[in-house]
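As provided, final_38.txt (compact mmCIF, N, CA and C atoms) reads as follows.
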```
# COMPACT_ATOMS: atom_id res chain seq x y z
N MET A 1 0.81 -1.18 0.00
CA MET A 1 0.00 0.00 0.00
C MET A 1 0.85 1.25 0.00
N LYS A 2 1.94 1.20 0.77
CA LYS A 2 2.82 2.35 0.79
C LYS A 2 3.48 2.59 -0.56
N SER A 3 3.72 1.52 -1.29
CA SER A 3 4.33 1.69 -2.60
C SER A 3 3.39 2.43 -3.55
N GLN A 4 2.08 2.22 -3.42
CA GLN A 4 1.14 2.95 -4.25
C GLN A 4 1.15 4.43 -3.88
N GLY A 5 1.27 4.73 -2.60
CA GLY A 5 1.33 6.11 -2.15
C GLY A 5 2.58 6.79 -2.69
N GLY A 6 3.70 6.07 -2.68
CA GLY A 6 4.94 6.61 -3.21
C GLY A 6 4.85 6.83 -4.71
N ALA A 7 4.20 5.88 -5.40
CA ALA A 7 4.03 6.02 -6.85
C ALA A 7 3.13 7.21 -7.15
N GLY A 8 2.10 7.39 -6.33
CA GLY A 8 1.20 8.53 -6.51
C GLY A 8 1.93 9.84 -6.33
N LEU A 9 2.82 9.87 -5.32
CA LEU A 9 3.62 11.08 -5.09
C LEU A 9 4.55 11.35 -6.26
N ILE A 10 5.15 10.31 -6.76
CA ILE A 10 6.04 10.47 -7.91
C ILE A 10 5.26 10.95 -9.12
N ARG A 11 4.08 10.35 -9.32
CA ARG A 11 3.24 10.74 -10.44
C ARG A 11 2.83 12.22 -10.30
N GLN A 12 2.46 12.61 -9.08
CA GLN A 12 2.10 14.02 -8.86
C GLN A 12 3.28 14.95 -9.13
N GLY A 13 4.46 14.50 -8.69
CA GLY A 13 5.65 15.30 -8.94
C GLY A 13 5.95 15.44 -10.43
N LEU A 14 5.80 14.34 -11.15
CA LEU A 14 6.02 14.38 -12.60
C LEU A 14 4.97 15.24 -13.29
N ASP A 15 3.71 15.12 -12.84
CA ASP A 15 2.65 15.96 -13.41
C ASP A 15 2.94 17.43 -13.15
N PHE A 16 3.39 17.72 -11.94
CA PHE A 16 3.71 19.11 -11.60
C PHE A 16 4.85 19.63 -12.49
N ALA A 17 5.88 18.80 -12.68
CA ALA A 17 7.01 19.20 -13.52
C ALA A 17 6.55 19.40 -14.97
N ARG A 18 5.68 18.52 -15.45
CA ARG A 18 5.17 18.64 -16.82
C ARG A 18 4.37 19.93 -16.97
N ARG A 19 3.50 20.21 -15.98
CA ARG A 19 2.70 21.44 -16.05
C ARG A 19 3.58 22.68 -15.98
N ALA A 20 4.61 22.61 -15.15
CA ALA A 20 5.52 23.75 -15.05
C ALA A 20 6.23 23.98 -16.37
N GLU A 21 6.62 22.89 -17.02
CA GLU A 21 7.27 23.00 -18.33
C GLU A 21 6.30 23.57 -19.37
N GLU A 22 5.05 23.10 -19.34
CA GLU A 22 4.03 23.63 -20.25
C GLU A 22 3.78 25.11 -19.98
N ASP A 23 3.75 25.48 -18.69
CA ASP A 23 3.56 26.88 -18.32
C ASP A 23 4.69 27.75 -18.87
N ASP A 24 5.90 27.25 -18.74
CA ASP A 24 7.05 28.00 -19.26
C ASP A 24 6.95 28.17 -20.78
N GLU A 25 6.55 27.09 -21.46
CA GLU A 25 6.42 27.17 -22.91
C GLU A 25 5.32 28.17 -23.30
N LEU A 26 4.18 28.12 -22.62
CA LEU A 26 3.09 29.05 -22.93
C LEU A 26 3.48 30.49 -22.60
N ARG A 27 4.21 30.68 -21.52
CA ARG A 27 4.67 32.02 -21.16
C ARG A 27 5.63 32.55 -22.24
N ASP A 28 6.51 31.68 -22.72
CA ASP A 28 7.43 32.07 -23.78
C ASP A 28 6.67 32.41 -25.07
N ARG A 29 5.66 31.60 -25.38
CA ARG A 29 4.87 31.86 -26.59
C ARG A 29 4.08 33.16 -26.45
N ALA A 30 3.58 33.44 -25.25
CA ALA A 30 2.84 34.69 -25.01
C ALA A 30 3.77 35.89 -25.18
N GLU A 31 4.96 35.80 -24.62
CA GLU A 31 5.94 36.89 -24.77
C GLU A 31 6.31 37.06 -26.24
N ALA A 32 6.47 35.95 -26.95
CA ALA A 32 6.81 36.03 -28.37
C ALA A 32 5.67 36.67 -29.16
N ALA A 33 4.43 36.39 -28.78
CA ALA A 33 3.28 37.00 -29.47
C ALA A 33 3.28 38.51 -29.26
N GLU A 34 3.60 38.96 -28.06
CA GLU A 34 3.66 40.40 -27.80
C GLU A 34 4.82 41.05 -28.56
N ILE A 35 5.95 40.37 -28.60
CA ILE A 35 7.10 40.91 -29.33
C ILE A 35 6.79 40.99 -30.82
N ASP A 36 6.18 39.92 -31.35
CA ASP A 36 5.80 39.93 -32.77
C ASP A 36 4.82 41.06 -33.08
N ALA A 37 3.86 41.25 -32.18
CA ALA A 37 2.89 42.34 -32.38
C ALA A 37 3.61 43.69 -32.36
N GLY A 38 4.57 43.85 -31.47
CA GLY A 38 5.34 45.09 -31.42
C GLY A 38 6.10 45.34 -32.72
N ARG A 39 6.66 44.27 -33.27
CA ARG A 39 7.38 44.41 -34.54
C ARG A 39 6.43 44.78 -35.67
N GLU A 40 5.25 44.12 -35.70
CA GLU A 40 4.26 44.44 -36.73
C GLU A 40 3.80 45.89 -36.61
N VAL A 41 3.62 46.35 -35.38
CA VAL A 41 3.21 47.74 -35.15
C VAL A 41 4.28 48.69 -35.66
N ALA A 42 5.53 48.41 -35.34
CA ALA A 42 6.63 49.27 -35.80
C ALA A 42 6.69 49.29 -37.32
N ARG A 43 6.51 48.12 -37.94
CA ARG A 43 6.51 48.05 -39.40
C ARG A 43 5.34 48.83 -39.99
N ALA A 44 4.17 48.68 -39.40
CA ALA A 44 2.99 49.40 -39.90
C ALA A 44 3.15 50.90 -39.75
N ARG A 45 3.71 51.34 -38.63
CA ARG A 45 3.92 52.77 -38.42
C ARG A 45 4.95 53.32 -39.39
N GLU A 46 6.00 52.57 -39.64
CA GLU A 46 7.02 53.02 -40.60
C GLU A 46 6.41 53.12 -41.99
N GLN A 47 5.64 52.12 -42.36
CA GLN A 47 4.98 52.14 -43.67
C GLN A 47 4.03 53.33 -43.75
N GLY A 48 3.32 53.63 -42.68
CA GLY A 48 2.42 54.78 -42.65
C GLY A 48 3.15 56.09 -42.77
N ARG A 49 4.31 56.20 -42.10
CA ARG A 49 5.13 57.42 -42.22
C ARG A 49 5.59 57.61 -43.65
N GLU A 50 6.00 56.50 -44.29
CA GLU A 50 6.45 56.59 -45.68
C GLU A 50 5.30 57.00 -46.60
N GLU A 51 4.11 56.44 -46.35
CA GLU A 51 2.95 56.78 -47.17
C GLU A 51 2.56 58.25 -46.96
N ALA A 52 2.58 58.72 -45.72
CA ALA A 52 2.26 60.12 -45.44
C ALA A 52 3.29 61.05 -46.08
N ALA A 53 4.55 60.66 -46.03
CA ALA A 53 5.60 61.46 -46.67
C ALA A 53 5.39 61.51 -48.18
N ALA A 54 4.97 60.40 -48.77
CA ALA A 54 4.71 60.37 -50.21
C ALA A 54 3.53 61.28 -50.56
N VAL A 55 2.49 61.28 -49.74
CA VAL A 55 1.34 62.17 -49.96
C VAL A 55 1.80 63.62 -49.86
N SER A 56 2.63 63.92 -48.88
CA SER A 56 3.13 65.28 -48.70
C SER A 56 4.00 65.72 -49.88
N ARG A 57 4.89 64.83 -50.33
CA ARG A 57 5.74 65.17 -51.49
C ARG A 57 4.89 65.42 -52.73
N ARG A 58 3.90 64.55 -52.95
CA ARG A 58 3.03 64.70 -54.10
C ARG A 58 2.26 66.03 -54.03
N ALA A 59 1.81 66.39 -52.84
CA ALA A 59 1.08 67.66 -52.66
C ALA A 59 1.99 68.85 -52.94
N ARG A 60 3.23 68.81 -52.44
CA ARG A 60 4.17 69.92 -52.69
C ARG A 60 4.49 70.04 -54.17
N ARG A 61 4.67 68.88 -54.82
CA ARG A 61 4.98 68.87 -56.25
C ARG A 61 3.80 69.46 -57.05
N ASN A 62 2.59 69.05 -56.71
CA ASN A 62 1.40 69.57 -57.41
C ASN A 62 1.23 71.07 -57.16
N LYS A 63 1.49 71.51 -55.94
CA LYS A 63 1.38 72.94 -55.63
C LYS A 63 2.40 73.74 -56.44
N ALA A 64 3.63 73.24 -56.49
CA ALA A 64 4.66 73.93 -57.26
C ALA A 64 4.29 73.99 -58.74
N ARG A 65 3.74 72.90 -59.25
CA ARG A 65 3.34 72.87 -60.65
C ARG A 65 2.22 73.90 -60.91
N ARG A 66 1.23 73.96 -60.02
CA ARG A 66 0.13 74.93 -60.21
C ARG A 66 0.63 76.37 -60.10
N MET A 67 1.51 76.61 -59.13
CA MET A 67 2.03 77.98 -58.97
C MET A 67 2.84 78.38 -60.20
N THR A 68 3.57 77.45 -60.78
CA THR A 68 4.32 77.73 -61.99
C THR A 68 3.37 78.06 -63.14
N LEU A 69 2.31 77.28 -63.27
CA LEU A 69 1.33 77.55 -64.32
C LEU A 69 0.65 78.90 -64.13
N ILE A 70 0.29 79.20 -62.89
CA ILE A 70 -0.36 80.49 -62.61
C ILE A 70 0.62 81.63 -62.88
N GLY A 71 1.83 81.47 -62.42
CA GLY A 71 2.85 82.50 -62.63
C GLY A 71 3.15 82.70 -64.11
N GLY A 72 3.18 81.60 -64.86
CA GLY A 72 3.47 81.67 -66.29
C GLY A 72 2.32 82.27 -67.09
N SER A 73 1.14 82.22 -66.53
CA SER A 73 -0.01 82.74 -67.27
C SER A 73 -0.14 84.26 -67.16
N GLY A 74 0.62 84.84 -66.24
CA GLY A 74 0.57 86.29 -66.07
C GLY A 74 -0.54 86.74 -65.14
N LEU A 75 -1.26 85.79 -64.53
CA LEU A 75 -2.31 86.16 -63.58
C LEU A 75 -1.70 86.53 -62.24
N ALA A 76 -2.34 87.42 -61.55
CA ALA A 76 -1.90 87.76 -60.20
C ALA A 76 -2.31 86.62 -59.27
N LEU A 77 -1.48 86.35 -58.31
CA LEU A 77 -1.77 85.26 -57.36
C LEU A 77 -2.69 85.79 -56.27
N SER A 78 -3.88 86.11 -56.66
CA SER A 78 -4.89 86.58 -55.72
C SER A 78 -6.25 86.15 -56.24
N GLY A 79 -7.26 86.28 -55.43
CA GLY A 79 -8.60 85.93 -55.87
C GLY A 79 -8.76 84.45 -56.07
N SER A 80 -9.39 84.05 -57.17
CA SER A 80 -9.73 82.66 -57.44
C SER A 80 -8.53 81.72 -57.48
N PRO A 81 -7.43 82.07 -58.17
CA PRO A 81 -6.29 81.14 -58.18
C PRO A 81 -5.73 80.90 -56.78
N LEU A 82 -5.66 81.96 -55.97
CA LEU A 82 -5.14 81.80 -54.61
C LEU A 82 -6.09 80.95 -53.77
N LEU A 83 -7.38 81.19 -53.90
CA LEU A 83 -8.36 80.38 -53.17
C LEU A 83 -8.28 78.92 -53.57
N ALA A 84 -8.11 78.68 -54.86
CA ALA A 84 -7.99 77.30 -55.35
C ALA A 84 -6.75 76.62 -54.77
N LEU A 85 -5.63 77.34 -54.70
CA LEU A 85 -4.41 76.78 -54.10
C LEU A 85 -4.59 76.49 -52.62
N GLU A 86 -5.24 77.41 -51.92
CA GLU A 86 -5.46 77.20 -50.49
C GLU A 86 -6.39 76.02 -50.24
N ALA A 87 -7.42 75.89 -51.07
CA ALA A 87 -8.34 74.76 -50.93
C ALA A 87 -7.61 73.44 -51.20
N GLU A 88 -6.78 73.45 -52.22
CA GLU A 88 -6.01 72.24 -52.56
C GLU A 88 -5.03 71.90 -51.43
N ALA A 89 -4.40 72.91 -50.85
CA ALA A 89 -3.47 72.68 -49.74
C ALA A 89 -4.22 72.09 -48.54
N ALA A 90 -5.43 72.59 -48.28
CA ALA A 90 -6.22 72.05 -47.17
C ALA A 90 -6.59 70.59 -47.44
N ARG A 91 -6.97 70.27 -48.67
CA ARG A 91 -7.30 68.89 -49.03
C ARG A 91 -6.08 67.98 -48.88
N ASP A 92 -4.94 68.49 -49.31
CA ASP A 92 -3.72 67.69 -49.19
C ASP A 92 -3.37 67.44 -47.72
N GLY A 93 -3.56 68.45 -46.89
CA GLY A 93 -3.32 68.28 -45.45
C GLY A 93 -4.26 67.25 -44.84
N GLU A 94 -5.51 67.26 -45.29
CA GLU A 94 -6.48 66.27 -44.82
C GLU A 94 -6.09 64.87 -45.27
N ASP A 95 -5.63 64.76 -46.51
CA ASP A 95 -5.20 63.45 -47.02
C ASP A 95 -4.05 62.90 -46.19
N GLU A 96 -3.10 63.76 -45.87
CA GLU A 96 -1.95 63.33 -45.07
C GLU A 96 -2.41 62.93 -43.67
N ALA A 97 -3.31 63.71 -43.07
CA ALA A 97 -3.82 63.38 -41.74
C ALA A 97 -4.60 62.07 -41.77
N ASP A 98 -5.36 61.85 -42.84
CA ASP A 98 -6.09 60.58 -42.98
C ASP A 98 -5.14 59.39 -43.00
N VAL A 99 -4.06 59.54 -43.75
CA VAL A 99 -3.07 58.45 -43.82
C VAL A 99 -2.49 58.19 -42.43
N ARG A 100 -2.15 59.25 -41.72
CA ARG A 100 -1.59 59.08 -40.37
C ARG A 100 -2.61 58.44 -39.43
N ASN A 101 -3.87 58.85 -39.51
CA ASN A 101 -4.91 58.28 -38.64
C ASN A 101 -5.15 56.80 -38.97
N ARG A 102 -5.21 56.46 -40.25
CA ARG A 102 -5.39 55.06 -40.63
C ARG A 102 -4.23 54.22 -40.14
N THR A 103 -3.03 54.79 -40.24
CA THR A 103 -1.85 54.07 -39.78
C THR A 103 -1.92 53.80 -38.29
N GLU A 104 -2.29 54.81 -37.52
CA GLU A 104 -2.36 54.63 -36.07
C GLU A 104 -3.47 53.66 -35.69
N ASP A 105 -4.59 53.72 -36.40
CA ASP A 105 -5.68 52.77 -36.14
C ASP A 105 -5.20 51.34 -36.40
N ARG A 106 -4.50 51.15 -37.50
CA ARG A 106 -3.99 49.81 -37.83
C ARG A 106 -2.98 49.35 -36.79
N ALA A 107 -2.12 50.27 -36.36
CA ALA A 107 -1.12 49.92 -35.35
C ALA A 107 -1.81 49.51 -34.04
N GLN A 108 -2.83 50.24 -33.65
CA GLN A 108 -3.55 49.90 -32.42
C GLN A 108 -4.26 48.56 -32.55
N ASP A 109 -4.82 48.28 -33.73
CA ASP A 109 -5.47 46.99 -33.97
C ASP A 109 -4.46 45.85 -33.87
N LEU A 110 -3.29 46.05 -34.46
CA LEU A 110 -2.25 45.02 -34.39
C LEU A 110 -1.79 44.79 -32.96
N LEU A 111 -1.61 45.87 -32.23
CA LEU A 111 -1.17 45.77 -30.84
C LEU A 111 -2.23 45.06 -29.99
N ARG A 112 -3.48 45.43 -30.16
CA ARG A 112 -4.56 44.79 -29.41
C ARG A 112 -4.64 43.30 -29.75
N SER A 113 -4.51 42.98 -31.02
CA SER A 113 -4.56 41.59 -31.46
C SER A 113 -3.43 40.78 -30.82
N GLY A 114 -2.23 41.35 -30.81
CA GLY A 114 -1.09 40.66 -30.20
C GLY A 114 -1.28 40.46 -28.71
N ARG A 115 -1.81 41.47 -28.04
CA ARG A 115 -2.06 41.35 -26.60
C ARG A 115 -3.13 40.31 -26.31
N GLU A 116 -4.18 40.29 -27.14
CA GLU A 116 -5.24 39.29 -26.94
C GLU A 116 -4.69 37.88 -27.14
N ARG A 117 -3.84 37.73 -28.15
CA ARG A 117 -3.24 36.40 -28.38
C ARG A 117 -2.38 36.00 -27.18
N ALA A 118 -1.60 36.95 -26.67
CA ALA A 118 -0.75 36.66 -25.51
C ALA A 118 -1.60 36.30 -24.29
N GLU A 119 -2.68 37.03 -24.07
CA GLU A 119 -3.55 36.74 -22.94
C GLU A 119 -4.22 35.38 -23.10
N THR A 120 -4.58 35.02 -24.32
CA THR A 120 -5.16 33.70 -24.57
C THR A 120 -4.15 32.62 -24.20
N LEU A 121 -2.92 32.82 -24.61
CA LEU A 121 -1.88 31.84 -24.29
C LEU A 121 -1.63 31.78 -22.79
N ARG A 122 -1.63 32.92 -22.14
CA ARG A 122 -1.43 32.94 -20.69
C ARG A 122 -2.59 32.25 -19.97
N GLY A 123 -3.78 32.39 -20.52
CA GLY A 123 -4.95 31.77 -19.91
C GLY A 123 -4.92 30.26 -19.99
N ARG A 124 -4.13 29.70 -20.87
CA ARG A 124 -4.02 28.25 -21.01
C ARG A 124 -3.07 27.64 -19.99
N ARG A 125 -2.37 28.48 -19.28
CA ARG A 125 -1.41 27.96 -18.30
C ARG A 125 -2.14 27.15 -17.25
N SER A 126 -1.42 26.30 -16.55
CA SER A 126 -2.06 25.40 -15.60
C SER A 126 -2.76 26.17 -14.49
N GLY A 127 -2.26 27.33 -14.14
CA GLY A 127 -2.97 28.15 -13.16
C GLY A 127 -4.23 28.68 -13.78
N GLY A 128 -4.12 29.22 -14.98
CA GLY A 128 -5.26 29.70 -15.73
C GLY A 128 -6.04 30.77 -15.01
N SER A 129 -7.17 31.08 -15.57
CA SER A 129 -8.04 32.07 -14.96
C SER A 129 -8.94 31.37 -13.95
N LEU A 130 -9.64 32.17 -13.18
CA LEU A 130 -10.55 31.61 -12.18
C LEU A 130 -11.61 30.75 -12.85
N LEU A 131 -12.12 31.19 -13.99
CA LEU A 131 -13.13 30.40 -14.69
C LEU A 131 -12.58 29.08 -15.19
N SER A 132 -11.35 29.10 -15.70
CA SER A 132 -10.78 27.86 -16.22
C SER A 132 -10.46 26.89 -15.09
N LEU A 133 -10.23 27.40 -13.89
CA LEU A 133 -9.96 26.52 -12.76
C LEU A 133 -11.22 25.76 -12.34
N GLY A 134 -12.40 26.33 -12.58
CA GLY A 134 -13.65 25.68 -12.20
C GLY A 134 -13.81 24.31 -12.82
N SER A 135 -13.40 24.16 -14.07
CA SER A 135 -13.54 22.87 -14.73
C SER A 135 -12.58 21.83 -14.15
N ARG A 136 -11.53 22.28 -13.52
CA ARG A 136 -10.55 21.34 -12.95
C ARG A 136 -10.90 20.92 -11.53
N LEU A 137 -11.89 21.57 -10.94
CA LEU A 137 -12.25 21.28 -9.58
C LEU A 137 -12.61 19.81 -9.39
N TRP A 138 -13.33 19.27 -10.35
CA TRP A 138 -13.81 17.89 -10.22
C TRP A 138 -12.71 16.88 -10.55
N ASP A 139 -11.62 17.34 -11.13
CA ASP A 139 -10.50 16.44 -11.40
C ASP A 139 -9.65 16.21 -10.15
N ASN A 140 -9.89 16.98 -9.13
CA ASN A 140 -9.11 16.92 -7.90
C ASN A 140 -9.41 15.61 -7.17
N PRO A 141 -8.40 14.82 -6.77
CA PRO A 141 -8.64 13.53 -6.13
C PRO A 141 -9.24 13.67 -4.72
N PHE A 142 -9.21 14.86 -4.13
CA PHE A 142 -9.74 15.05 -2.80
C PHE A 142 -11.26 15.17 -2.78
N PHE A 143 -11.87 15.37 -3.96
CA PHE A 143 -13.33 15.50 -4.02
C PHE A 143 -13.97 14.27 -4.58
```

How does the structure come out when it is put into C-alpha cells?
Amino acid sequence: MKSQGGAGLIRQGLDFARRAEEDDELRDRAEAAEIDAGREVARAREQGREEAAAVSRRARRNKARRMTLIGGSGLALSGSPLLALEAEAARDGEDEADVRNRTEDRAQDLLRSGRERAETLRGRRSGGSLLSLGSRLWDNPFF
C-alpha cells in the first residue's frame, strides 16, 4: 500500500514538472506573441510614415506645378487662383492626416490583437483564470 502512495507522489511530482514546463512554454509563446505584435506595429507605423511622406511630397509637387502655371499665365496670385491653391493645400493636409490616422488605427489593432493572443496563451497555463480553474475542480482527487 505504501508503494502505491509513493508512486502517486512520484506521479504528482512528474505531473507538476510537466505542467511547469508547459507553463514555461506558454509564457514564452505569449511573450513572443507580444514581441511579434510590437514588430508588426513598428513596421505598420514606418509604412504609414512613408505613405504620409509620399502624400506630402506629391502635394508639394502639385502645388509647385500649379504655382508655376499660374505665374506663367501672367495672372496675379490673388482671388480665385489663390483660393484654389489654399483649398487644394487644405485637401492635401487632410489626405496626409487621414493616412496618419489610418496608420495609427492599424497599429492599435495590431497591438490589441497581439495582446489578446498573448492573454489567450497565458490563460491556457495550468494556473489559468478563475473560470478555467472551475472545470478542474472535479479532477481533484480530494473531491

I'd like the neighbourhood of range 48-58 of chain A as a list of chain:residue names, where a residue qualifies if any of its atoms comes within 8 Å (using only C-alpha atoms), though same-chain residues fewer than 3 positions away should be ignored.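 Contacts, with the query itself left out: A:Ala44, A:Arg45, A:Arg61, A:Asn62, A:Asp92, A:Gly93, A:Asp95, A:Glu96, A:Ala97, A:Val99, A:Arg100, A:Thr103.
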
Given the point (5.4, 48.2, -35.1) in the coordinates of this file, which residues lie within 12 Å, counting only C-alpha atoms, and how would they look as a VMD selection string? chain A and resid 34 to 49 103 to 104 106 to 112 114

Rounded to one decimal in Å, what is the spacing between atom C of Gly71 in chain A and atom N of Leu83 in chain A?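 So the answer is 14.7 Å.
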
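Picture a line from CA of Arg91 in chain A to atom N of Gly74 in chain A; it runs 24.8 Å.
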
d(atom C of Thr120 in chain A, atom N of Arg29 in chain A) in Å: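 Computed distance, atom C of Thr120 in chain A to atom N of Arg29 in chain A, equals 9.9 Å.
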
Near range 86-88 of chain A, counting only C-alpha atoms, which residues have an atom at most 12 Å away, once you skip same-chain residues fewer than 4 positions from it, shown as a PyMOL selection string? chain A and resi 58-60+62-64+66-67+77-82+92-95

In terms of only N, CA and C atoms, the residue from A:Ala90, A:Ala32, A:Ala17, A:Leu26 at minimal distance from Gly123 in chain A is A:Leu26
